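Reviewing the structure listed below.
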Amino acid sequence: MPKDLLFEIGLEETPARFIRAAMDQLKDRTVKWLDASGIQHGAVEAYATPRRLAVLVKEVAEKQEDVEEEVKGPSRKIALDENGNWSKAALGFARSQGVEPEQFTFRELGGVEYIYVTKNTKGVYTADVLPEGLLGILTSMTFPKNMRWASYDFKFVRPIKWLVALFGQDIVPVSIAGVESSNVTRGHRFLGSEAVITDPATYLDVLRKQHVIADTEERQKLIVDQIKKLAAEKGWNIAVKEDLLEEVLFLVETPTVLVGTFEESFLNIPQEVLITSMREHQRYFPVLDDQGSLLPFFVTVRNGNAESLDVISKGNEKVLRARLSDAKFFYEEDQKLAIKDALSKLETIVFHEELGTIGDKVRRIRRIADSLAAKLNVDSSVRETASRGAEICKFDLVTQMVYEFPELQGVMGQDYARKAGEPQAVADVVFEHYQPRFAGDNVPASLAGAIVSIADKIDTMVGCFSIGIIPTGSQDPYGLRRQAQGIVQIVLEHKLEINLSDIFALGIEAHEELRGLKRPASQISQDMSEFFSLRVKKILSDDLRYDIVDAVIAAGYDDVVSVVKRGNALAAAVNGQEDFKTTVESFNRVSNLAAKAVSAEKVRSDLLTESSEQALYEAWQSVSGGYQQALEHKEAQQALDTLSGLKAPITTFFDSVMVMAEDEQIRNNRLALLAAIDGDLKAFADFSKLVWA
């Protein structure tokens with residue numbers, strides 16, 4: 001009869017950021033072990049708190065399934081010697097399978113007879129393999145950081161304090177680092193006590209009585225519901241960030257939401273500073289009004305019940321007051337630092353030992369931004385704003401506030417620049433040039449901000465690529481994938497009239513002139529082009545089928561605005577035009593034969609002897625100019641519609657003309673015509689990559 005299985009690993013408090021992955025890993029390894037062991041089971045649930053990881057498996061079979069397996073051995077020719085006796089190969093096969101040769105049978109496969117043997121393996125009892133299995137699951141778990149404790153060589157995320165291992169009502173004997181398994185769990189550190197689990201199915205209820213909500217979904221719902229109730233009662237907007245909620249979830253076992261307050265005088269500090277201090281240092285949720293302005297309150301979650309909440313609130317208020325007092329001091333002191341003095345300090349901060357100081361980087365950013373503005377032919381006001389913004393974009397890195405809260409770089413620079421008398425547009429550039437900071441973040445709103453953001457990102461990328469730092473696999477310590485993605489996003493959203501290769505060239509020129517290059521410029525540009533192709537492909541893949549992405553990428557992605565428009569136009573045609581498949585088939589017939597054309601051969605109209613080839617030539621001549629112009633102006637839909645107009649003359653051509661004529665001149669001229677048309681087709685997409693259901 002099936003039984004439930006419970007395995008709980010009791011720990012000292014584990015860092016919140018490790019817990020969900022560890023919980024999921026425990027579940028995954030348990031399922032894989034059960035499946036690999038041939039043990040039938042029902043639903044599997046994983047639970048976690050700061051002090052425990054647990055997995056509960058319903059209806060685990062008491063015994064492994066019996067296995068009947070048919071195994072193929074050597075061929076008859078190899079299995080029997082010339083006298084008809086079993087060969088060494090056959091006898092070795094029998095030993096390896098644990099059978100006698102008398103159990104062999106012969107069966108034909110692919111015209112050859114082979115030995116076959118049927119093995120019957122009796123399943124063992126689950127209880128007999130669980131001790132070794134659970135221990136193997138525990139010791140195979142991995143974490144970003146491990147600990148070793150006492151004199152044990154074994155390492156784990158945190159010291160193991162207790163183990164619960166139950167199969168039905170029976171304790172599964174597991175021992176590790178001096179801890180023996182039992183049926184005794186531990187409740188909340190202060191509110192609970194030890195408790196006996198008589199049956200795995202009672203696990204959650206037993207812990208609940210000991211003030212532990214082990215189910216993460218239930219615990220999160222309790223937190224969210226309490227916050228929503230509080231917000232409704234007070235008429236507040238409590239800003240709940242998912243990452244902070246996730247962290248708080250794994251800091252508590254019994255969540256109780258409480259409110260604190262702070263002096264309104266602190267509201268004179270930019271609210272980003274206050275919110276960051278509350279979230280990052282204290283794990284508090286800020287409170288906003290309907291207009292998004294910060295109110296002098298905070299919400300936090302206590303690991304305990306509702307007793308003495310006023311005392312707890314006062315303690316939290318005292319700690320926050322000290323934090324905000326520090327922030328206020330830093331903020332006031334920073335404003336005494338002149339921007340020019342801050343810039344001079346950047347000369348002492350190393351950006352990278354091979355790429356110079358932050359001061360060196362700023363000079364390159366300004367150089368690239370100036371060149372980029374000229375390339376884009378922006379008006380003088382944007383050019384001046386971008387140049388000044390680039391010059392001061394990193395000055396806040398030496399402020400005390402950014403030193404304390406690195407995530408406020410740009411935010412503080414914008415505020416300090418405005419207070420120092422810089423134009424608002426310049427101050428905005430200081431903030432915007434870091435955007436987009438992460439996936440889903442906004443791109444710079446202003447054109448000047450977009451220019452400086454690209455300049456900053458391409459400087460970092462060219463610098464890293466020039467000294468051989470190119471991301472491979474999952475390794476990307478300088479965030480170059482994010483930087484490249486950001487550049488592509490900015491170009492797209494601002495519809496900048498510039499190719500990626502031009503951006504690469506501006507970055508390479510700045511590095512070459514201001515510091516020199518260790519690798520040839522052509523190699524850097526080539527490596528960056530290959531690297532960016534994956535970023536462009538990723539953005540296209542968010543909305544388009546893989547084959548459409550491959551088709552338009554093959555025609556070029558240097559102009560990212562164009563490749564996106566071509567992708568959208570092609571997707572619309574594939575999904576919306578019933579006869580587009582036959583259009584593509586005609587294009588592919590052109591491409592297949594065009595591959596046989598003599599390179600550099602030009603079409604001679606005097607050699608076009610058939611009316612259908614003359615008609616095709618005239619049709620192509622009539623649309624080619626307009627098609628190229630449509631592509632140049634990024635009017636992708638018009639360009640594709642123009643190409644589609646060639647379908648009829650192409651079809652007629654192939655129906656009535658033998659392309660591979662015996663006359664070499666005629667043959668080569670026809671191939672040259674197809675090659676010329678194919679050149680236009682390939683400028684839009686490689687239509688052969690499209691896949692049809």
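Chains: A, B, ... in order of the structure tokens. Residues: from 1 per chain. Ligands: from 1, in order shown.
If you count only C-alpha atoms and ignore residues fewer than 6 places along the chain from region 597-608 of chain A, what sits within 7 Å of it is Gln614, Ile666, Asn668, Asn669, Leu671, Ala672, Leu673 and Ala675 of chain A.
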Pull N, CA, C and O atoms from the residues just selected and write them as a PDB file, in the first residue's frame.
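Written out: out.pdb:
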```
ATOM      1  N   GLN A 614      12.112  37.986 -71.493  1.00  0.00           N
ATOM      2  CA  GLN A 614      12.087  39.436 -71.711  1.00  0.00           C
ATOM      3  C   GLN A 614      11.095  40.098 -70.751  1.00  0.00           C
ATOM      4  O   GLN A 614      11.372  41.150 -70.175  1.00  0.00           O
ATOM      5  N   ILE A 666      23.553  31.935 -73.755  1.00  0.00           N
ATOM      6  CA  ILE A 666      22.141  32.034 -73.370  1.00  0.00           C
ATOM      7  C   ILE A 666      21.960  31.559 -71.921  1.00  0.00           C
ATOM      8  O   ILE A 666      21.267  32.191 -71.115  1.00  0.00           O
ATOM      9  N   ASN A 668      24.199  31.309 -69.445  1.00  0.00           N
ATOM     10  CA  ASN A 668      24.806  32.207 -68.463  1.00  0.00           C
ATOM     11  C   ASN A 668      24.022  33.506 -68.323  1.00  0.00           C
ATOM     12  O   ASN A 668      23.958  34.089 -67.233  1.00  0.00           O
ATOM     13  N   ASN A 669      23.423  33.970 -69.426  1.00  0.00           N
ATOM     14  CA  ASN A 669      22.647  35.202 -69.364  1.00  0.00           C
ATOM     15  C   ASN A 669      21.366  35.004 -68.546  1.00  0.00           C
ATOM     16  O   ASN A 669      20.964  35.876 -67.769  1.00  0.00           O
ATOM     17  N   LEU A 671      21.011  32.758 -66.173  1.00  0.00           N
ATOM     18  CA  LEU A 671      21.448  32.628 -64.775  1.00  0.00           C
ATOM     19  C   LEU A 671      21.803  33.991 -64.190  1.00  0.00           C
ATOM     20  O   LEU A 671      21.547  34.261 -63.010  1.00  0.00           O
ATOM     21  N   ALA A 672      22.373  34.853 -65.013  1.00  0.00           N
ATOM     22  CA  ALA A 672      22.714  36.199 -64.547  1.00  0.00           C
ATOM     23  C   ALA A 672      21.452  36.979 -64.193  1.00  0.00           C
ATOM     24  O   ALA A 672      21.422  37.740 -63.214  1.00  0.00           O
ATOM     25  N   LEU A 673      20.392  36.802 -64.997  1.00  0.00           N
ATOM     26  CA  LEU A 673      19.128  37.472 -64.700  1.00  0.00           C
ATOM     27  C   LEU A 673      18.571  36.988 -63.362  1.00  0.00           C
ATOM     28  O   LEU A 673      18.150  37.786 -62.516  1.00  0.00           O
ATOM     29  N   ALA A 675      20.271  35.667 -60.955  1.00  0.00           N
ATOM     30  CA  ALA A 675      21.170  36.110 -59.884  1.00  0.00           C
ATOM     31  C   ALA A 675      20.893  37.564 -59.509  1.00  0.00           C
ATOM     32  O   ALA A 675      20.951  37.938 -58.327  1.00  0.00           O
TER      33      ALA A 675
END
```
Per-residue DSSP, region 500-599 of chain A, filtered to alpha helix (DSSP H), as a VMD selection string: chain A and resid 500 to 514 521 to 541 546 to 554 560 to 576 580 to 594
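Using only C-alpha atoms, the residues found no farther than 8 Å from region 466-479 of chain A, other than those of its own chain fewer than 4 positions away, are Glu354, Val462, Gln483, Leu517, Lys518, Arg519 and Ile524 of chain A.
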If you keep C-alpha atoms, can you produce a file of those selected residues as a PDB file, in the first residue's frame?
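Dumped to out.pdb:
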```pdb
ATOM      1  CA  GLU A 354      44.005  48.060 -18.990  1.00  0.00           C
ATOM      2  CA  VAL A 462      34.807  48.163 -27.283  1.00  0.00           C
ATOM      3  CA  GLN A 483      24.921  46.721 -22.650  1.00  0.00           C
ATOM      4  CA  LEU A 517      44.274  49.189 -29.303  1.00  0.00           C
ATOM      5  CA  LYS A 518      45.792  45.826 -28.444  1.00  0.00           C
ATOM      6  CA  ARG A 519      43.826  44.005 -31.130  1.00  0.00           C
ATOM      7  CA  ILE A 524      37.121  43.910 -32.745  1.00  0.00           C
TER       8      ILE A 524
END
```
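With only C-alpha atoms as the atoms that count, the residue of A:Leu355, A:Val659, A:Ile223, A:Leu5 with the shortest distance to Glu246 (chain A) is A:Ile223.
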Who sits within 10 Å of region 300-303 of chain A, only C-alpha atoms, same chain under 4 positions skipped, as a VMD selection string: chain A and resid 188 to 191 211 to 212 223 226 to 227 245 248 to 249 251 to 260 278 to 279 282 to 286 309 312 to 313 316
Polymer residues at most 7 Å from region 66-74 of chain A, only C-alpha atoms, same-chain spacing of 3 or more positions, as number ranges by chain: A: 78-79, 90, 93, 114-123
Shortest interatomic distance to Ala36 (chain A) - which of A:Ser181, A:Gln628, A:Thr198, A:Gln64, counting only C-alpha atoms: A:Gln64
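The closest residue to Ala445 (chain A), picked from A:Leu166, A:Val31, A:Ala555, A:Ala425 and counting only C-alpha atoms, is A:Ala425.
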Secondary structure check, strand (DSSP E) residues of region 96-199 of chain A, as a PyMOL selection string: chain A and resi 105-109+112-121+147-148+155-156+160-167+170-171+175-176+179-182+184-186+194-196
Option closest in space to Ala177 (chain A), from A:Thr202, A:Thr139, A:Thr582, A:Thr385 [counting only C-alpha atoms]: A:Thr139
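Proximity to Phe687 (chain A) at 9 Å, evaluated using only C-alpha atoms and with sequence-adjacent residues fewer than 4 positions away removed, yields Ile548, Ala551, Val552, Val584, Glu585, Phe587, Asn588, Ser591, Leu681 and Lys682 of chain A.
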Mind writing the picked residues with C-alpha atoms as a JSON list (two decimals), in the first residue's frame?
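Result file result_9.json:
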```json
[["chain", "number", "residue", "atom", "x", "y", "z"],
["A", 548, "ILE", "CA", 11.14, 34.42, -39.88],
["A", 551, "ALA", "CA", 15.24, 34.70, -42.73],
["A", 552, "VAL", "CA", 15.52, 38.45, -42.10],
["A", 584, "VAL", "CA", 8.03, 32.16, -51.67],
["A", 585, "GLU", "CA", 8.29, 28.97, -53.70],
["A", 587, "PHE", "CA", 11.48, 33.12, -55.01],
["A", 588, "ASN", "CA", 13.25, 29.94, -53.91],
["A", 591, "SER", "CA", 17.61, 31.42, -55.62],
["A", 681, "LEU", "CA", 15.41, 39.07, -52.81],
["A", 682, "LYS", "CA", 18.34, 38.43, -50.47]]
```
Please identify every residue of region 323-374 of chain A that has at least one atom no farther than 9 Å from an atom of region 398-420 of chain A, counting only C-alpha atoms, and for each give the shortest atom pair and the distance in Å to one decimal, arranged by chain then increasing number, as a tab-separated table.
```
residue	atom	partner	partner_atom	distance
A:Ala327	CA	A:Met401	CA	7.0
A:Phe330	CA	A:Met401	CA	5.6
A:Tyr331	CA	A:Met401	CA	6.4
A:Glu333	CA	A:Gln400	CA	7.9
A:Asp334	CA	A:Thr399	CA	5.8
A:Gln335	CA	A:Tyr416	CA	6.5
A:Leu337	CA	A:Thr399	CA	8.1
A:Ala338	CA	A:Ala420	CA	7.6
A:Ile339	CA	A:Ala420	CA	7.6
A:Ala342	CA	A:Val398	CA	6.3
A:Leu343	CA	A:Val398	CA	8.4
A:Lys345	CA	A:Val398	CA	7.0
A:Leu346	CA	A:Val398	CA	7.2
A:Ile349	CA	A:Val398	CA	8.9
```
Would you write out those residues with N, CA, C and O atoms, as an mmCIF file, in the first residue's frame?
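The new file result_1.cif reads:
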```cif
data_model
loop_
_atom_site.group_PDB
_atom_site.id
_atom_site.type_symbol
_atom_site.label_atom_id
_atom_site.label_comp_id
_atom_site.auth_asym_id
_atom_site.auth_seq_id
_atom_site.Cartn_x
_atom_site.Cartn_y
_atom_site.Cartn_z
ATOM 1 N N ALA A 327 21.737 59.359 5.752
ATOM 2 C CA ALA A 327 21.439 59.745 4.374
ATOM 3 C C ALA A 327 21.324 61.258 4.253
ATOM 4 O O ALA A 327 21.818 61.856 3.281
ATOM 5 N N PHE A 330 24.841 62.720 4.339
ATOM 6 C CA PHE A 330 25.534 62.506 3.062
ATOM 7 C C PHE A 330 25.001 63.457 1.998
ATOM 8 O O PHE A 330 25.766 64.039 1.218
ATOM 9 N N TYR A 331 23.690 63.591 1.944
ATOM 10 C CA TYR A 331 23.043 64.421 0.937
ATOM 11 C C TYR A 331 23.484 65.877 1.060
ATOM 12 O O TYR A 331 23.816 66.534 0.061
ATOM 13 N N GLU A 333 26.220 67.018 2.606
ATOM 14 C CA GLU A 333 27.656 67.132 2.369
ATOM 15 C C GLU A 333 27.988 67.064 0.884
ATOM 16 O O GLU A 333 28.861 67.787 0.396
ATOM 17 N N ASP A 334 27.303 66.195 0.165
ATOM 18 C CA ASP A 334 27.572 66.034 -1.264
ATOM 19 C C ASP A 334 27.350 67.331 -2.032
ATOM 20 O O ASP A 334 28.049 67.614 -3.014
ATOM 21 N N GLN A 335 26.386 68.108 -1.609
ATOM 22 C CA GLN A 335 26.068 69.337 -2.331
ATOM 23 C C GLN A 335 27.141 70.408 -2.162
ATOM 24 O O GLN A 335 27.145 71.403 -2.897
ATOM 25 N N LEU A 337 30.207 69.705 -2.732
ATOM 26 C CA LEU A 337 31.247 69.308 -3.681
ATOM 27 C C LEU A 337 30.929 69.861 -5.063
ATOM 28 O O LEU A 337 29.899 69.539 -5.653
ATOM 29 N N ALA A 338 31.790 70.706 -5.585
ATOM 30 C CA ALA A 338 31.591 71.271 -6.926
ATOM 31 C C ALA A 338 31.784 70.176 -7.973
ATOM 32 O O ALA A 338 32.597 69.260 -7.803
ATOM 33 N N ILE A 339 31.050 70.294 -9.079
ATOM 34 C CA ILE A 339 31.127 69.271 -10.119
ATOM 35 C C ILE A 339 32.543 69.143 -10.663
ATOM 36 O O ILE A 339 33.045 68.038 -10.874
ATOM 37 N N ALA A 342 34.571 67.138 -8.347
ATOM 38 C CA ALA A 342 34.185 65.729 -8.422
ATOM 39 C C ALA A 342 34.802 65.075 -9.656
ATOM 40 O O ALA A 342 35.296 63.942 -9.596
ATOM 41 N N LEU A 343 34.800 65.799 -10.771
ATOM 42 C CA LEU A 343 35.377 65.250 -11.998
ATOM 43 C C LEU A 343 36.865 64.978 -11.847
ATOM 44 O O LEU A 343 37.389 63.985 -12.361
ATOM 45 N N LYS A 345 38.347 64.071 -9.204
ATOM 46 C CA LYS A 345 38.517 62.868 -8.386
ATOM 47 C C LYS A 345 38.359 61.590 -9.207
ATOM 48 O O LYS A 345 38.863 60.527 -8.823
ATOM 49 N N LEU A 346 37.646 61.698 -10.334
ATOM 50 C CA LEU A 346 37.471 60.518 -11.185
ATOM 51 C C LEU A 346 38.796 60.033 -11.764
ATOM 52 O O LEU A 346 38.912 58.872 -12.172
ATOM 53 N N ILE A 349 40.156 57.040 -9.808
ATOM 54 C CA ILE A 349 39.367 55.807 -9.690
ATOM 55 C C ILE A 349 39.598 54.960 -10.935
ATOM 56 O O ILE A 349 39.337 55.395 -12.058
#
```
Pairwise distance for CA of Phe504 (chain A) and CA of Gln485 (chain A), rounded to one decimal in Å: 14.1 Å
All residues 7 Å or closer to Ile490 (chain A), only C-alpha atoms, same chain fewer than 3 positions away omitted, as number ranges by chain: A: 443, 450, 486-487, 493-494
Could you take the residues named above and write them with N, CA, C and O atoms, as a compact mmCIF listing (two decimals), in the first residue's frame?
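What landed in part22.txt:
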```
# COMPACT_ATOMS: atom_id res chain seq x y z
N VAL A 443 14.14 53.09 -21.91
CA VAL A 443 15.31 53.67 -22.57
C VAL A 443 15.29 55.17 -22.28
O VAL A 443 14.28 55.70 -21.83
N ALA A 450 19.85 59.45 -25.01
CA ALA A 450 20.06 58.25 -25.82
C ALA A 450 21.47 58.23 -26.40
O ALA A 450 22.14 57.19 -26.41
N GLY A 486 20.87 46.96 -24.57
CA GLY A 486 20.45 48.34 -24.35
C GLY A 486 20.66 49.20 -25.58
O GLY A 486 19.80 50.02 -25.94
N ILE A 487 21.80 49.04 -26.23
CA ILE A 487 22.09 49.82 -27.45
C ILE A 487 21.04 49.53 -28.52
O ILE A 487 20.49 50.44 -29.16
N GLU A 493 13.90 52.21 -30.37
CA GLU A 493 12.84 53.07 -29.83
C GLU A 493 12.98 54.51 -30.28
O GLU A 493 12.00 55.23 -30.42
N HIS A 494 14.23 54.97 -30.51
CA HIS A 494 14.42 56.33 -31.02
C HIS A 494 14.49 56.36 -32.55
O HIS A 494 14.64 57.44 -33.13
```
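Between CA of Ser325 (chain A) and CA of Val240 (chain A) lies a distance of 24.0 Å.
Restricting the calculation to only C-alpha atoms, the smallest distance between Pro200 (chain A) and any of A:Glu82, A:Asp290, A:Glu59, A:Asp543 is found for A:Glu59.
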Atom pair CA of Ala571 (chain A) / CA of Val549 (chain A): separation (Å): 9.2 Å
Residue nearest Ala595 (chain A) among A:Asp542, A:Glu618, A:Asp678, A:Asp243 (counting only C-alpha atoms): A:Asp678
